[in-house]
file run-v3.csv (CSV, all heavy atoms)
chain,number,residue,atom,x,y,z
A,1,MET,N,92.8,96.0,94.3
A,1,MET,CA,94.2,95.9,93.8
A,1,MET,C,94.6,97.2,93.0
A,1,MET,O,95.7,97.5,92.9
A,1,MET,CB,94.4,94.7,93.0
A,1,MET,CG,94.2,93.4,93.8
A,1,MET,SD,95.2,93.3,95.2
A,1,MET,CE,96.7,92.7,94.6
A,2,GLU,N,93.6,97.9,92.5
A,2,GLU,CA,93.9,99.1,91.8
A,2,GLU,C,94.5,100.2,92.7
A,2,GLU,O,95.3,100.9,92.2
A,2,GLU,CB,92.6,99.6,91.1
A,2,GLU,CG,92.8,100.8,90.2
A,2,GLU,CD,91.6,101.2,89.5
A,2,GLU,OE1,90.6,100.5,89.4
A,2,GLU,OE2,91.6,102.4,89.0
A,3,PHE,N,94.0,100.2,93.9
A,3,PHE,CA,94.6,101.1,94.9
A,3,PHE,C,96.1,100.9,95.0
A,3,PHE,O,96.9,101.9,95.1
A,3,PHE,CB,93.9,101.0,96.2
A,3,PHE,CG,94.5,101.8,97.3
A,3,PHE,CD1,94.5,103.2,97.3
A,3,PHE,CD2,95.3,101.2,98.3
A,3,PHE,CE1,95.1,103.9,98.3
A,3,PHE,CE2,95.9,101.9,99.3
A,3,PHE,CZ,95.8,103.3,99.3
A,4,LEU,N,96.5,99.7,95.2
A,4,LEU,CA,97.9,99.4,95.4
A,4,LEU,C,98.7,99.7,94.1
A,4,LEU,O,99.8,100.2,94.2
A,4,LEU,CB,98.1,97.9,95.7
A,4,LEU,CG,97.5,97.4,97.0
A,4,LEU,CD1,97.7,95.9,97.2
A,4,LEU,CD2,98.2,98.2,98.2
A,5,ARG,N,98.1,99.5,92.9
A,5,ARG,CA,98.8,99.9,91.7
A,5,ARG,C,99.0,101.4,91.6
A,5,ARG,O,100.0,101.9,91.2
A,5,ARG,CB,98.0,99.3,90.5
A,5,ARG,CG,98.7,99.5,89.2
A,5,ARG,CD,97.9,98.8,88.1
A,5,ARG,NE,98.0,99.7,86.9
A,5,ARG,CZ,97.1,100.6,86.6
A,5,ARG,NH1,96.0,100.7,87.3
A,5,ARG,NH2,97.2,101.3,85.5
A,6,ASP,N,97.9,102.1,91.9
A,6,ASP,CA,98.0,103.6,91.9
A,6,ASP,C,99.0,104.1,92.9
A,6,ASP,O,99.7,105.0,92.6
A,6,ASP,CB,96.6,104.2,92.2
A,6,ASP,CG,95.7,104.0,91.0
A,6,ASP,OD1,96.1,103.8,89.9
A,6,ASP,OD2,94.4,104.1,91.3
A,7,LEU,N,99.0,103.5,94.1
A,7,LEU,CA,100.0,103.9,95.1
A,7,LEU,C,101.4,103.7,94.6
A,7,LEU,O,102.3,104.5,94.8
A,7,LEU,CB,99.7,103.1,96.4
A,7,LEU,CG,100.6,103.5,97.6
A,7,LEU,CD1,100.4,104.9,98.0
A,7,LEU,CD2,100.3,102.6,98.8
A,8,TRP,N,101.7,102.5,94.0
A,8,TRP,CA,103.0,102.2,93.5
A,8,TRP,C,103.4,103.2,92.4
A,8,TRP,O,104.5,103.7,92.4
A,8,TRP,CB,103.1,100.8,93.0
A,8,TRP,CG,104.4,100.5,92.3
A,8,TRP,CD1,104.6,100.3,91.0
A,8,TRP,CD2,105.7,100.4,92.9
A,8,TRP,NE1,105.9,100.1,90.7
A,8,TRP,CE2,106.6,100.2,91.9
A,8,TRP,CE3,106.1,100.5,94.2
A,8,TRP,CZ2,107.9,100.0,92.2
A,8,TRP,CZ3,107.5,100.4,94.5
A,8,TRP,CH2,108.4,100.2,93.4
A,9,LEU,N,102.5,103.5,91.5
A,9,LEU,CA,102.8,104.4,90.4
A,9,LEU,C,103.0,105.8,91.0
A,9,LEU,O,103.9,106.5,90.4
A,9,LEU,CB,101.6,104.4,89.4
A,9,LEU,CG,101.5,103.2,88.6
A,9,LEU,CD1,100.2,103.2,87.7
A,9,LEU,CD2,102.7,102.9,87.8
A,10,PHE,N,102.3,106.2,92.0
A,10,PHE,CA,102.5,107.5,92.6
A,10,PHE,C,103.9,107.6,93.2
A,10,PHE,O,104.7,108.6,93.0
A,10,PHE,CB,101.5,107.7,93.7
A,10,PHE,CG,101.8,108.9,94.6
A,10,PHE,CD1,101.6,110.2,94.2
A,10,PHE,CD2,102.3,108.7,95.9
A,10,PHE,CE1,101.9,111.3,95.0
A,10,PHE,CE2,102.6,109.7,96.7
A,10,PHE,CZ,102.4,111.0,96.3
A,11,MET,N,104.3,106.5,93.9
A,11,MET,CA,105.6,106.5,94.6
A,11,MET,C,106.8,106.5,93.5
A,11,MET,O,107.8,107.1,93.7
A,11,MET,CB,105.8,105.4,95.5
A,11,MET,CG,105.0,105.5,96.8
A,11,MET,SD,105.3,104.3,98.0
A,11,MET,CE,104.9,102.8,97.2
A,12,LYS,N,106.5,105.7,92.5
A,12,LYS,CA,107.5,105.6,91.4
A,12,LYS,C,107.7,106.9,90.6
A,12,LYS,O,108.8,107.4,90.4
A,12,LYS,CB,107.2,104.5,90.5
A,12,LYS,CG,108.3,104.1,89.5
A,12,LYS,CD,107.9,102.8,88.9
A,12,LYS,CE,107.5,103.0,87.4
A,12,LYS,NZ,107.3,101.8,86.7
A,13,GLU,N,106.6,107.6,90.3
A,13,GLU,CA,106.6,108.8,89.5
A,13,GLU,C,107.2,110.0,90.3
A,13,GLU,O,108.0,110.8,89.7
A,13,GLU,CB,105.2,109.2,89.1
A,13,GLU,CG,105.1,110.4,88.2
A,13,GLU,CD,103.7,110.7,87.8
A,13,GLU,OE1,103.0,109.7,87.5
A,13,GLU,OE2,103.4,111.9,87.7
A,14,ARG,N,106.9,110.1,91.6
A,14,ARG,CA,107.4,111.2,92.4
A,14,ARG,C,108.6,110.9,93.2
A,14,ARG,O,109.0,111.7,94.1
A,14,ARG,CB,106.2,111.7,93.3
A,14,ARG,CG,105.1,112.3,92.4
A,14,ARG,CD,104.1,112.9,93.3
A,14,ARG,NE,103.1,113.6,92.5
A,14,ARG,CZ,102.1,113.1,91.8
A,14,ARG,NH1,102.0,111.8,91.8
A,14,ARG,NH2,101.3,113.9,91.1
A,15,LYS,N,109.2,109.7,93.0
A,15,LYS,CA,110.4,109.3,93.7
A,15,LYS,C,110.2,109.3,95.2
A,15,LYS,O,111.1,109.8,96.0
A,15,LYS,CB,111.6,110.2,93.3
A,15,LYS,CG,111.9,110.3,91.9
A,15,LYS,CD,112.4,109.0,91.3
A,15,LYS,CE,112.9,109.3,89.9
A,15,LYS,NZ,112.2,108.5,88.9
A,16,LYS,N,109.1,108.8,95.7
A,16,LYS,CA,108.8,108.8,97.1
A,16,LYS,C,109.0,107.4,97.7
A,16,LYS,O,108.2,106.8,98.3
A,16,LYS,CB,107.4,109.2,97.4
A,16,LYS,CG,107.0,110.6,96.8
A,16,LYS,CD,106.9,111.6,97.9
A,16,LYS,CE,106.5,112.9,97.4
A,16,LYS,NZ,107.1,114.0,98.0
A,17,TYR,N,110.2,106.8,97.4
A,17,TYR,CA,110.5,105.4,97.8
A,17,TYR,C,110.6,105.3,99.3
A,17,TYR,O,110.5,104.2,99.9
A,17,TYR,CB,111.7,104.9,97.2
A,17,TYR,CG,111.6,104.8,95.7
A,17,TYR,CD1,112.3,105.6,94.8
A,17,TYR,CD2,110.7,103.9,95.1
A,17,TYR,CE1,112.2,105.5,93.5
A,17,TYR,CE2,110.6,103.8,93.7
A,17,TYR,CZ,111.3,104.6,92.9
A,17,TYR,OH,111.2,104.5,91.6
A,18,TRP,N,110.8,106.4,100.0
A,18,TRP,CA,110.9,106.4,101.5
A,18,TRP,C,109.5,106.0,102.1
A,18,TRP,O,109.5,105.7,103.3
A,18,TRP,CB,111.4,107.8,102.0
A,18,TRP,CG,110.5,108.9,101.6
A,18,TRP,CD1,110.7,109.7,100.5
A,18,TRP,CD2,109.4,109.4,102.3
A,18,TRP,NE1,109.7,110.6,100.4
A,18,TRP,CE2,108.9,110.5,101.5
A,18,TRP,CE3,108.7,109.1,103.4
A,18,TRP,CZ2,107.8,111.3,101.8
A,18,TRP,CZ3,107.6,109.9,103.8
A,18,TRP,CH2,107.1,110.9,103.0
A,19,LEU,N,108.4,106.1,101.4
A,19,LEU,CA,107.1,105.7,101.9
A,19,LEU,C,107.0,104.2,102.1
A,19,LEU,O,106.2,103.7,102.9
A,19,LEU,CB,106.0,106.2,101.0
A,19,LEU,CG,105.7,107.7,101.0
A,19,LEU,CD1,104.7,108.0,100.0
A,19,LEU,CD2,105.2,108.1,102.4
A,20,ILE,N,107.8,103.4,101.3
A,20,ILE,CA,107.7,101.9,101.4
A,20,ILE,C,107.9,101.4,102.8
A,20,ILE,O,107.0,100.6,103.2
A,20,ILE,CB,108.6,101.3,100.3
A,20,ILE,CG1,108.1,101.7,98.9
A,20,ILE,CG2,108.6,99.8,100.5
A,20,ILE,CD1,109.1,101.3,97.8
A,21,PRO,N,108.9,101.7,103.5
A,21,PRO,CA,109.1,101.1,104.8
A,21,PRO,C,107.9,101.5,105.8
A,21,PRO,O,107.5,100.7,106.6
A,21,PRO,CB,110.4,101.7,105.3
A,21,PRO,CG,111.1,102.1,104.1
A,21,PRO,CD,110.1,102.5,103.1
A,22,MET,N,107.4,102.8,105.6
A,22,MET,CA,106.3,103.2,106.5
A,22,MET,C,105.1,102.4,106.2
A,22,MET,O,104.4,102.0,107.1
A,22,MET,CB,106.0,104.7,106.3
A,22,MET,CG,107.2,105.6,106.7
A,22,MET,SD,107.0,107.3,106.3
A,22,MET,CE,105.5,107.7,107.0
A,23,ILE,N,104.8,102.1,104.9
A,23,ILE,CA,103.6,101.3,104.6
A,23,ILE,C,103.7,99.9,105.1
A,23,ILE,O,102.8,99.3,105.6
A,23,ILE,CB,103.4,101.4,103.1
A,23,ILE,CG1,103.0,102.8,102.6
A,23,ILE,CG2,102.3,100.4,102.6
A,23,ILE,CD1,103.0,103.0,101.2
A,24,VAL,N,104.9,99.3,105.0
A,24,VAL,CA,105.2,98.0,105.4
A,24,VAL,C,105.0,97.9,106.9
A,24,VAL,O,104.3,96.9,107.4
A,24,VAL,CB,106.6,97.5,105.0
A,24,VAL,CG1,107.0,96.2,105.7
A,24,VAL,CG2,106.7,97.3,103.5
A,25,ILE,N,105.5,98.8,107.7
A,25,ILE,CA,105.3,98.8,109.1
A,25,ILE,C,103.9,98.9,109.5
A,25,ILE,O,103.4,98.2,110.4
A,25,ILE,CB,106.2,99.9,109.8
A,25,ILE,CG1,107.7,99.5,109.7
A,25,ILE,CG2,105.8,100.2,111.2
A,25,ILE,CD1,108.6,100.6,110.1
A,26,LEU,N,103.1,99.8,108.8
A,26,LEU,CA,101.7,99.9,109.1
A,26,LEU,C,101.0,98.7,108.8
A,26,LEU,O,100.0,98.3,109.6
A,26,LEU,CB,101.1,101.1,108.3
A,26,LEU,CG,101.5,102.5,108.8
A,26,LEU,CD1,101.0,103.5,107.8
A,26,LEU,CD2,100.9,102.8,110.2
A,27,LEU,N,101.3,98.0,107.8
A,27,LEU,CA,100.7,96.7,107.4
A,27,LEU,C,101.0,95.6,108.5
A,27,LEU,O,100.1,94.9,108.9
A,27,LEU,CB,101.1,96.2,106.1
A,27,LEU,CG,100.6,96.9,104.9
A,27,LEU,CD1,101.2,96.5,103.6
A,27,LEU,CD2,99.1,96.8,104.8
A,28,ILE,N,102.2,95.6,109.0
A,28,ILE,CA,102.6,94.6,110.0
A,28,ILE,C,101.8,94.9,111.3
A,28,ILE,O,101.3,94.0,111.9
A,28,ILE,CB,104.1,94.6,110.3
A,28,ILE,CG1,104.8,94.1,109.1
A,28,ILE,CG2,104.5,93.9,111.5
A,28,ILE,CD1,106.3,94.2,109.1
A,29,ILE,N,101.7,96.2,111.7
A,29,ILE,CA,101.0,96.5,112.9
A,29,ILE,C,99.5,96.2,112.7
A,29,ILE,O,98.8,95.6,113.7
A,29,ILE,CB,101.1,98.0,113.2
A,29,ILE,CG1,102.6,98.3,113.7
A,29,ILE,CG2,100.2,98.5,114.3
A,29,ILE,CD1,102.9,99.7,113.9
A,30,GLY,N,98.9,96.4,111.5
A,30,GLY,CA,97.5,96.0,111.3
A,30,GLY,C,97.3,94.6,111.4
A,30,GLY,O,96.3,94.1,112.0
A,31,VAL,N,98.2,93.8,110.8
A,31,VAL,CA,98.1,92.3,110.9
A,31,VAL,C,98.2,91.8,112.4
A,31,VAL,O,97.4,91.0,112.8
A,31,VAL,CB,99.1,91.6,110.1
A,31,VAL,CG1,99.2,90.1,110.4
A,31,VAL,CG2,98.8,91.8,108.6
A,32,LEU,N,99.1,92.4,113.2
A,32,LEU,CA,99.2,92.1,114.6
A,32,LEU,C,97.9,92.4,115.3
A,32,LEU,O,97.5,91.6,116.2
A,32,LEU,CB,100.4,92.8,115.2
A,32,LEU,CG,101.8,92.2,114.9
A,32,LEU,CD1,102.8,93.1,115.5
A,32,LEU,CD2,101.9,90.8,115.4
A,33,VAL,N,97.3,93.5,115.0
A,33,VAL,CA,96.1,93.9,115.7
A,33,VAL,C,95.0,93.0,115.4
A,33,VAL,O,94.2,92.5,116.2
A,33,VAL,CB,95.7,95.4,115.4
A,33,VAL,CG1,94.3,95.7,115.8
A,33,VAL,CG2,96.7,96.3,116.0
A,34,VAL,N,94.8,92.6,114.1
A,34,VAL,CA,93.8,91.7,113.7
A,34,VAL,C,94.0,90.3,114.3
A,34,VAL,O,93.0,89.7,114.9
A,34,VAL,CB,93.7,91.5,112.1
A,34,VAL,CG1,92.9,90.4,111.7
A,34,VAL,CG2,93.3,92.8,111.5
A,35,PHE,N,95.2,89.8,114.3
A,35,PHE,CA,95.4,88.4,114.9
A,35,PHE,C,95.4,88.5,116.4
A,35,PHE,O,95.0,87.6,117.1
A,35,PHE,CB,96.7,87.9,114.4
A,35,PHE,CG,96.7,87.3,113.0
A,35,PHE,CD1,97.6,87.7,112.1
A,35,PHE,CD2,95.7,86.5,112.6
A,35,PHE,CE1,97.6,87.2,110.8
A,35,PHE,CE2,95.6,86.0,111.3
A,35,PHE,CZ,96.6,86.3,110.4
A,36,GLY,N,95.8,89.6,116.9
A,36,GLY,CA,95.8,89.8,118.4
A,36,GLY,C,94.5,89.9,119.0
A,36,GLY,O,94.3,89.5,120.2
A,37,GLY,N,93.5,90.3,118.3
A,37,GLY,CA,92.2,90.5,118.9
A,37,GLY,C,91.3,89.2,118.8
A,37,GLY,O,90.3,89.1,119.5
A,38,SER,N,91.8,88.3,118.0
A,38,SER,CA,90.9,87.1,117.9
A,38,SER,C,91.6,85.8,117.9
A,38,SER,O,91.2,84.8,117.3
A,38,SER,CB,90.2,87.2,116.5
A,38,SER,OG,91.2,87.2,115.5
A,39,SER,N,92.7,85.7,118.7
A,39,SER,CA,93.4,84.5,118.8
A,39,SER,C,93.9,84.2,120.2
A,39,SER,O,93.9,85.1,121.1
A,39,SER,CB,94.5,84.4,117.8
A,39,SER,OG,95.6,85.3,118.2
A,40,ALA,N,94.5,83.1,120.4
A,40,ALA,CA,95.1,82.7,121.7
A,40,ALA,C,96.4,83.4,121.8
A,40,ALA,O,97.0,83.4,122.9
A,40,ALA,CB,95.3,81.2,121.8
A,41,MET,N,97.0,84.0,120.8
A,41,MET,CA,98.2,84.8,120.8
A,41,MET,C,98.1,86.2,121.4
A,41,MET,O,99.0,86.9,121.5
A,41,MET,CB,98.9,84.8,119.5
A,41,MET,CG,99.2,83.5,118.9
A,41,MET,SD,100.5,82.7,119.8
A,41,MET,CE,101.9,83.8,119.5
A,42,ALA,N,96.8,86.6,121.7
A,42,ALA,CA,96.6,88.0,122.1
A,42,ALA,C,97.4,88.4,123.3
A,42,ALA,O,98.0,89.5,123.2
A,42,ALA,CB,95.1,88.1,122.4
A,43,PRO,N,97.6,87.7,124.4
A,43,PRO,CA,98.4,88.2,125.5
A,43,PRO,C,99.8,88.4,125.1
A,43,PRO,O,100.5,89.3,125.6
A,43,PRO,CB,98.3,87.0,126.5
A,43,PRO,CG,97.1,86.3,126.2
A,43,PRO,CD,96.9,86.4,124.7
A,44,PHE,N,100.3,87.6,124.2
A,44,PHE,CA,101.7,87.7,123.8
A,44,PHE,C,101.9,88.9,122.9
A,44,PHE,O,102.9,89.7,122.9
A,44,PHE,CB,102.2,86.5,123.1
A,44,PHE,CG,102.1,85.3,124.0
A,44,PHE,CD1,101.2,84.3,123.7
A,44,PHE,CD2,102.9,85.1,125.1
A,44,PHE,CE1,101.0,83.2,124.5
A,44,PHE,CE2,102.8,84.0,125.9
A,44,PHE,CZ,101.8,83.1,125.6
A,45,ILE,N,101.0,89.2,122.0
A,45,ILE,CA,101.1,90.3,121.0
A,45,ILE,C,100.9,91.6,121.8
A,45,ILE,O,101.6,92.6,121.6
A,45,ILE,CB,100.0,90.1,119.9
A,45,ILE,CG1,100.4,88.9,119.0
A,45,ILE,CG2,100.0,91.4,119.1
A,45,ILE,CD1,99.4,88.6,118.0
A,46,TYR,N,99.9,91.6,122.7
A,46,TYR,CA,99.7,92.9,123.5
A,46,TYR,C,100.9,93.2,124.4
A,46,TYR,O,101.1,94.4,124.7
A,46,TYR,CB,98.4,92.8,124.3
A,46,TYR,CG,97.2,92.9,123.4
A,46,TYR,CD1,96.2,92.0,123.5
A,46,TYR,CD2,97.1,93.9,122.5
A,46,TYR,CE1,95.0,92.1,122.7
A,46,TYR,CE2,95.9,94.0,121.7
A,46,TYR,CZ,94.9,93.1,121.8
A,46,TYR,OH,93.8,93.2,121.0
A,47,SER,N,101.6,92.2,124.8
A,47,SER,CA,102.8,92.5,125.6
A,47,SER,C,103.9,93.2,124.8
A,47,SER,O,104.8,93.8,125.4
A,47,SER,CB,103.3,91.2,126.3
A,47,SER,OG,103.8,90.4,125.3
A,48,ILE,N,103.9,93.0,123.5
A,48,ILE,CA,104.9,93.7,122.7
A,48,ILE,C,104.7,95.2,122.8
A,48,ILE,O,105.7,96.0,122.8
A,48,ILE,CB,104.8,93.3,121.2
A,48,ILE,CG1,105.2,91.8,121.1
A,48,ILE,CG2,105.6,94.1,120.3
A,48,ILE,CD1,104.9,91.2,119.7
A,49,PHE,N,103.5,95.7,122.8
A,49,PHE,CA,103.2,97.1,122.8
A,49,PHE,C,103.0,97.6,124.3
A,49,PHE,O,102.9,98.6,124.6
A,49,PHE,CB,101.9,97.4,122.0
A,49,PHE,CG,102.0,97.0,120.6
A,49,PHE,CD1,101.3,95.9,120.1
A,49,PHE,CD2,102.8,97.7,119.7
A,49,PHE,CE1,101.4,95.5,118.8
A,49,PHE,CE2,102.9,97.4,118.4
A,49,PHE,CZ,102.2,96.3,117.9
call {"tool": "encode", "arguments": {"input": "run-v3.csv", "output": "structure tokens"}}
result
Amino acid sequence: MEFLRDLWLFMKERKKYWLIPMIVILLIIGVLVVFGGSSAMAPFIYSIF
């Protein structure tokens, strides 16, 4: 959790708020890959890409 706190402080201090949507999209893609590799939803998730 310290990493997330440091990342937030970095973005806040340097006014890099444009990084927030990029981080959110990367997290969503990561969650889809994790769930897509080990569930019955895999064929549906892979068809998105």
call {"tool": "select_by_dssp", "arguments": {"input": "run-v3.csv", "residues": "chain A", "states": "alpha helix (DSSP H)", "output": "PyMOL selection string"}}
result
chain A and resi 2-13+19-37+42-48
call {"tool": "atom_distance", "arguments": {"input": "run-v3.csv", "atom1": "atom O of A:Gly37", "atom2": "atom C of A:Ile25"}}
result
19.5 Å
call {"tool": "residues_around", "arguments": {"input": "run-v3.csv", "residues": "A:Ile20", "least_positions_apart": "6", "cutoff": "10 Å", "atoms": "only C-alpha atoms", "output": "JSON, numbers by chain"}}
result
{"A": [8, 11, 26]}
call {"tool": "atom_distance", "arguments": {"input": "run-v3.csv", "atom1": "atom CA of A:Glu2", "atom2": "atom CA of A:Leu27"}}
result
17.2 Å
call {"tool": "atom_distance", "arguments": {"input": "run-v3.csv", "atom1": "atom CA of A:Gly36", "atom2": "atom CA of A:Ile48"}}
result
10.8 Å
call {"tool": "decode", "arguments": {"input": "run-v3.csv", "residues": "stretch 3-38 of chain A", "atoms": "N, CA and C atoms", "output": "CSV table (one decimal), in the first residue's frame"}}
result
chain,number,residue,atom,x,y,z
A,3,PHE,N,3.3,1.8,-1.9
A,3,PHE,CA,3.6,2.1,-3.3
A,3,PHE,C,2.5,3.0,-3.9
A,4,LEU,N,1.2,2.6,-3.5
A,4,LEU,CA,0.1,3.4,-4.0
A,4,LEU,C,0.1,4.8,-3.4
A,5,ARG,N,0.5,4.9,-2.1
A,5,ARG,CA,0.5,6.2,-1.5
A,5,ARG,C,1.6,7.1,-2.1
A,6,ASP,N,2.8,6.5,-2.4
A,6,ASP,CA,3.9,7.2,-3.0
A,6,ASP,C,3.5,7.6,-4.5
A,7,LEU,N,2.8,6.8,-5.2
A,7,LEU,CA,2.3,7.1,-6.5
A,7,LEU,C,1.4,8.3,-6.5
A,8,TRP,N,0.4,8.3,-5.5
A,8,TRP,CA,-0.5,9.3,-5.4
A,8,TRP,C,0.2,10.7,-5.0
A,9,LEU,N,1.1,10.6,-4.1
A,9,LEU,CA,1.8,11.8,-3.7
A,9,LEU,C,2.6,12.4,-4.9
A,10,PHE,N,3.2,11.5,-5.7
A,10,PHE,CA,4.0,11.9,-6.9
A,10,PHE,C,3.1,12.6,-7.9
A,11,MET,N,1.9,12.1,-8.1
A,11,MET,CA,1.0,12.7,-9.1
A,11,MET,C,0.5,14.0,-8.6
A,12,LYS,N,0.2,14.1,-7.3
A,12,LYS,CA,-0.3,15.3,-6.7
A,12,LYS,C,0.7,16.4,-6.7
A,13,GLU,N,1.9,16.0,-6.3
A,13,GLU,CA,3.0,17.1,-6.2
A,13,GLU,C,3.4,17.6,-7.6
A,14,ARG,N,3.4,16.8,-8.6
A,14,ARG,CA,3.9,17.2,-9.9
A,14,ARG,C,2.7,17.5,-10.9
A,15,LYS,N,1.5,17.5,-10.4
A,15,LYS,CA,0.3,17.8,-11.2
A,15,LYS,C,0.2,16.9,-12.4
A,16,LYS,N,0.4,15.6,-12.2
A,16,LYS,CA,0.3,14.6,-13.3
A,16,LYS,C,-1.0,13.8,-13.1
A,17,TYR,N,-2.1,14.5,-13.1
A,17,TYR,CA,-3.4,13.9,-12.9
A,17,TYR,C,-3.8,13.1,-14.1
A,18,TRP,N,-3.2,13.4,-15.3
A,18,TRP,CA,-3.5,12.7,-16.5
A,18,TRP,C,-3.1,11.2,-16.4
A,19,LEU,N,-2.3,10.9,-15.5
A,19,LEU,CA,-1.9,9.5,-15.3
A,19,LEU,C,-3.0,8.6,-14.7
A,20,ILE,N,-3.9,9.2,-14.0
A,20,ILE,CA,-4.9,8.4,-13.3
A,20,ILE,C,-5.8,7.6,-14.3
A,21,PRO,N,-6.3,8.1,-15.4
A,21,PRO,CA,-7.0,7.2,-16.4
A,21,PRO,C,-6.2,6.1,-16.9
A,22,MET,N,-4.9,6.4,-17.2
A,22,MET,CA,-4.0,5.3,-17.7
A,22,MET,C,-3.9,4.2,-16.7
A,23,ILE,N,-3.7,4.6,-15.5
A,23,ILE,CA,-3.5,3.5,-14.4
A,23,ILE,C,-4.8,2.7,-14.2
A,24,VAL,N,-5.9,3.4,-14.3
A,24,VAL,CA,-7.2,2.7,-14.1
A,24,VAL,C,-7.4,1.7,-15.3
A,25,ILE,N,-7.1,2.1,-16.5
A,25,ILE,CA,-7.3,1.2,-17.7
A,25,ILE,C,-6.3,0.1,-17.6
A,26,LEU,N,-5.1,0.3,-17.1
A,26,LEU,CA,-4.1,-0.8,-17.0
A,26,LEU,C,-4.6,-1.8,-15.9
A,27,LEU,N,-5.2,-1.3,-14.8
A,27,LEU,CA,-5.7,-2.2,-13.8
A,27,LEU,C,-6.9,-3.0,-14.3
A,28,ILE,N,-7.8,-2.4,-15.1
A,28,ILE,CA,-8.9,-3.1,-15.6
A,28,ILE,C,-8.5,-4.2,-16.6
A,29,ILE,N,-7.5,-3.9,-17.4
A,29,ILE,CA,-7.0,-4.9,-18.3
A,29,ILE,C,-6.3,-6.1,-17.5
A,30,GLY,N,-5.6,-5.7,-16.5
A,30,GLY,CA,-4.9,-6.7,-15.7
A,30,GLY,C,-6.0,-7.7,-15.0
A,31,VAL,N,-7.1,-7.1,-14.5
A,31,VAL,CA,-8.1,-7.9,-13.9
A,31,VAL,C,-8.8,-8.8,-14.9
A,32,LEU,N,-9.0,-8.3,-16.1
A,32,LEU,CA,-9.6,-9.1,-17.2
A,32,LEU,C,-8.7,-10.3,-17.5
A,33,VAL,N,-7.4,-10.0,-17.6
A,33,VAL,CA,-6.4,-11.1,-17.9
A,33,VAL,C,-6.4,-12.2,-16.8
A,34,VAL,N,-6.4,-11.7,-15.6
A,34,VAL,CA,-6.4,-12.7,-14.5
A,34,VAL,C,-7.7,-13.5,-14.5
A,35,PHE,N,-8.8,-12.9,-14.6
A,35,PHE,CA,-10.1,-13.6,-14.6
A,35,PHE,C,-10.3,-14.4,-15.8
A,36,GLY,N,-9.8,-13.9,-16.9
A,36,GLY,CA,-10.0,-14.6,-18.2
A,36,GLY,C,-9.1,-15.8,-18.4
A,37,GLY,N,-8.0,-15.9,-17.6
A,37,GLY,CA,-7.2,-17.1,-17.7
A,37,GLY,C,-7.7,-18.3,-16.9
A,38,SER,N,-8.5,-18.0,-15.9
A,38,SER,CA,-8.9,-19.1,-15.0
A,38,SER,C,-10.3,-19.2,-14.7
